[in-house]
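Chemist: Right, I'll just put the structure down here and ask away after.
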Amino acid sequence: MSAQPIQILLSAPGQQALNAIYSQFIADRRLLVVGLATTLQMLEQSLQAPPEVAVIDAELLVDLGERGLVEFLSSRLGSCVAIVLLPRQLERMAGAIGQLDRVREVMVKPVGVAQVIDRCYQIGLSERVAREAMAPATSRAMSALAQMTGAARAVAFAGTRVFAIGGGKGGSGKTTIAVNLAYRLNQAGIRTLLMGFDTPDAVGVQLGLPMAPNSLNWFRRPTRDGFAASLQHKDGLDICLSPNDKVEAARIAARAPDQDGSIARLTEAARDHHPPYAAIVMDLPPTESEWSIQPLLRANTVILVCEPDLASAVNLVSTIRLLTGVFDPRYQVPRDAIYAVMNRVLPEDAMTPKRMQEAIREHLDGWAPPFVAVIPNDPGVRACQMDYIPPVTRRQEFAAGIDQIVDFFYSDILGRPAAKAARSRRFMGITFRMVQ
Ligand SMILES: Nc1ncnc2c1ncn2[C@@H]1O[C@H](COP(=O)(O)OP(=O)(O)OP(=O)(O)O)[C@@H](O)[C@H]1O
Ligand SMILES: [Mg+2]
């Protein structure tokens with residue numbers, strides 16, 4: 001299935017200003033301009049049939065006054081989301097406007113058209129992805145969750161696909177896959193947050209980030225600002241590292257999931273952040289700790305990473321039993337939220353996903369998770385990580401493995417393979433290209 005272009009409403013203060021940007025918008029086949037406005041009246045009319053993303057030039061709204069402008073953006077956008085272009089004299093309003101429910105981005109003029117186009121695509125796609133996450137497959141999982149009882153009942157997030165990358169075995173490549181999946185999703189235009197839960201933090205080490213800021217900023221000040229202060233950024237990807245402090249981590253782990261400042265509440269803060277993330281990728285520690293249990297309670301997609309050997313098959317069985325609550329009622333992951341990835345596969349390996357499924361089925365009442373990707377063992381992966389380069393941007397076969405995961409969950413929405421989506425995506429005027 002090929003994805004429909006994102007429907008855009010374009011506005012500008014006057015025909016000349018509109019002409020200057022319109023030609024570039026229609027040249028981009030990822031977008032379809034469905035409405036044009038050069039006056040407030042035209043803007044109101046165009047919003048009657050809401051596009052997916054509206055580019056609103058605030059100069060059209062200045063006659064409404066500052067309160068009127070905020071009022072308009074709060075109440076008149078209907079179901080669409082907006083990028084607001086602010087004239088420089090209104091720059092001080094950027095923070096307040098950026099917090100509005102339907103506003104996804106505020107840019108102060110002058111802005112490059114290529115940058116606005118790129119943001120339109122990313123925002124429109126992320127909205128679609130978020131809607132899809134509420135579609136049937138997930139709502140089935142949600143209703144299964146809703147039937148559960150007990151204090152530790154799982155609460156999955158609608159609208160945001162929250163991936164937990166786990167697996168019982170240490171060193172299978174969980175962090176590598178979490179980092180590269182998140183990086184790739186973001187490259188493909190899906191607004192993504194990468195979160196680390198391992199102490200010491202493993203995510204930042206692969207991306208060459210400093211140890212702070214990290215989620216301690218939120219644990220010390222569990223507010224929206226505290227969450228924003230906990231984030232780091234790399235190539236447009238938002239990242240929330242784990243606290244790099246064992247003592248603090250143990251203290252936080254003692255808080256029950258429903259208590260203020262708990263690990264589960266951190267994942268809720270991430271889900272509720274504005275502008276919203278379409279995907280959250282959580283790198284879980286190998287141990288059975290609160291730092292793994294609480295994020296799992298809030299995930300709606302669990303990816304178990306295993307290696308192609310018998311020890312991993314045994315491990316997979318016990319991890320799935322654990323996750324589904326067989327041993328410990330604090331774990332409540334429904335089976336249809338569990339997927340597997342086979343990592344570090346060599347050409348001579350005899351263990352295929354099919355054989356792995358056969359091996360584990362007899363221990364799980366005939367059930368086995370679907371394998372969504374097979375990722376080759378590539379010594380170049382570690383070499384890239386030594387240089388803090390995400391291998392998905394350099395190692396073609398490894399990238400093809402990561403793209404299998406992206407395509408499994410998002411091919412309908414992307415409308416083309418992840419590799420293509422990522423390769424052609426411009427970010428802030430720079431074109432990313434795969435190095436072959
Ligand atoms: N597909 C791959 N090909 C080659 N090496 C890989 C691959 N995936 C991971 N590795 C390497 O395996 C090692 C362990 O990877 P990683 O730290 O991602 O595993 P992990 O499961 O997160 O470990 P832990 O259980 O300690 O959290 C790293 O040196 C990494 O470079
Ligand atoms: Mg790890």
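Following the order of the structure tokens, chains are lettered A, B, ..., residues in each are numbered from 1, and ligands are numbered from 1.
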Within 9 Å of Ala373 (chain A), counting only C-alpha atoms, which residues qualify if same-chain residues fewer than 4 places away don't, as a PyMOL selection string?
Modeler: chain A and resi 340-343+353+401-405+408
Chemist: Any residue with an atom at most 6 Å from ligand 2 counts, using only C-alpha atoms and all ligand atoms. Which are they? Put them as a list in words.
Modeler: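 What falls inside 6 Å of ligand 2 is Lys174, Thr175, Ala202 and Pro285 of chain A.
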Chemist: Write out the residues from the selection above, keeping all heavy atoms, as a compact mmCIF listing (two decimals), in the first residue's frame.
Modeler:
```
# COMPACT_ATOMS: atom_id res chain seq x y z
N LYS A 174 20.35 -5.55 23.17
CA LYS A 174 19.15 -4.74 23.47
C LYS A 174 19.41 -3.25 23.27
O LYS A 174 18.65 -2.56 22.60
CB LYS A 174 18.69 -4.98 24.93
CG LYS A 174 18.29 -6.40 25.22
CD LYS A 174 17.87 -6.58 26.67
CE LYS A 174 19.03 -6.47 27.65
NZ LYS A 174 20.03 -7.55 27.50
N THR A 175 20.50 -2.77 23.88
CA THR A 175 20.78 -1.33 23.79
C THR A 175 21.08 -0.94 22.35
O THR A 175 20.60 0.08 21.86
CB THR A 175 21.95 -0.97 24.73
OG1 THR A 175 21.62 -1.42 26.04
CG2 THR A 175 22.20 0.52 24.76
N ALA A 202 23.56 3.06 29.41
CA ALA A 202 24.24 2.43 28.27
C ALA A 202 23.94 3.15 26.96
O ALA A 202 24.73 3.10 26.02
CB ALA A 202 23.78 0.98 28.18
N PRO A 285 17.08 -2.71 31.29
CA PRO A 285 18.22 -3.46 31.80
C PRO A 285 17.93 -4.96 31.77
O PRO A 285 16.77 -5.36 31.72
CB PRO A 285 18.33 -2.97 33.25
CG PRO A 285 16.99 -2.43 33.60
CD PRO A 285 16.33 -2.02 32.33
```
Chemist: Please identify the residues whose atoms come within 10 Å of ligand 1, using only C-alpha atoms and all ligand atoms, and report them as JSON, numbers by chain.
Modeler: {"A": [165, 166, 167, 168, 169, 170, 171, 172, 173, 174, 175, 176, 177, 178, 179, 180, 197, 198, 199, 200, 201, 202, 203, 205, 206, 283, 284, 285, 286, 287, 304, 305, 306, 307, 342, 343, 344, 345, 346, 374, 375, 376, 377, 378, 379, 380, 381, 382, 383, 384, 385, 386, 391, 395, 397, 398, 399, 401, 402]}
Chemist: Which residues are close to region 191-193 of chain A, i.e. within 9 Å by only C-alpha atoms, leaving aside same-chain residues fewer than 2 positions away? Reply as a PDB file with C-alpha atoms, in the first residue's frame.
Modeler:
```pdb
ATOM      1  CA  GLN A 122       7.501  14.777  10.148  1.00  0.00           C
ATOM      2  CA  ILE A 123       4.605  16.242  12.116  1.00  0.00           C
ATOM      3  CA  LEU A 125       3.481  11.467   9.726  1.00  0.00           C
ATOM      4  CA  SER A 126       3.858  11.389  13.500  1.00  0.00           C
ATOM      5  CA  ALA A 182      14.916   5.020  17.724  1.00  0.00           C
ATOM      6  CA  TYR A 183      17.448   6.749  15.497  1.00  0.00           C
ATOM      7  CA  LEU A 185      12.337   5.969  13.326  1.00  0.00           C
ATOM      8  CA  ASN A 186      13.267   9.582  13.824  1.00  0.00           C
ATOM      9  CA  GLN A 187      15.189   9.624  10.554  1.00  0.00           C
ATOM     10  CA  ALA A 188      12.114   8.264   8.790  1.00  0.00           C
ATOM     11  CA  GLY A 189      10.068  11.188  10.117  1.00  0.00           C
ATOM     12  CA  MET A 195      14.844   6.343  26.983  1.00  0.00           C
ATOM     13  CA  GLY A 236      16.974  15.688  16.054  1.00  0.00           C
ATOM     14  CA  LEU A 237      16.320  12.619  18.214  1.00  0.00           C
ATOM     15  CA  ASP A 238      15.276  13.310  21.812  1.00  0.00           C
ATOM     16  CA  ILE A 239      16.971  11.145  24.433  1.00  0.00           C
ATOM     17  CA  CYS A 240      16.323  10.698  28.144  1.00  0.00           C
ATOM     18  CA  ALA A 270       7.259  11.096  28.500  1.00  0.00           C
ATOM     19  CA  PRO A 276       3.835  14.517  21.707  1.00  0.00           C
ATOM     20  CA  TYR A 277       6.051  11.650  20.637  1.00  0.00           C
ATOM     21  CA  ALA A 278       4.638   9.166  18.131  1.00  0.00           C
ATOM     22  CA  ALA A 279       7.040   6.506  19.389  1.00  0.00           C
ATOM     23  CA  ILE A 280       8.960   5.956  22.608  1.00  0.00           C
ATOM     24  CA  VAL A 281      11.762   3.387  22.600  1.00  0.00           C
ATOM     25  CA  MET A 282      12.823   2.160  26.043  1.00  0.00           C
TER      26      MET A 282
END
```
Chemist: May I ask which of the residues A:Phe227, A:Phe163, A:Tyr121, A:Phe371 is the closest one to Ile190 (chain A), counting only C-alpha atoms?
Modeler: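 Result for the nearest residue to Ile190 (chain A): A:Tyr121.
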Chemist: Which residues are close to region 47-50 of chain A, i.e. within 6 Å by only C-alpha atoms, leaving aside same-chain residues fewer than 2 positions away? Reply as a list in words.
Modeler: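 The contact residues come out as Glu44, Gln45 and Cys80 of chain A.
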Chemist: Quick check, in Å to one decimal: how far apart do CA of Pro417 (chain A) and CA of Arg30 (chain A) lie?
Modeler: 14.0 Å
Chemist: Hey, what does DSSP flag as strand (DSSP E or B) within region 188-369 of chain A? Can you give it to me as number ranges by chain?
Modeler: A: 192-196, 231-234, 237-240, 279-283, 301-306, 338-345
Chemist: Can you list every residue in region 15-122 of chain A that DSSP puts in helix (DSSP H, G or I), as a ChimeraX atom specification?
Modeler: /A:15-26,40-46,58-75,88-98,113-122
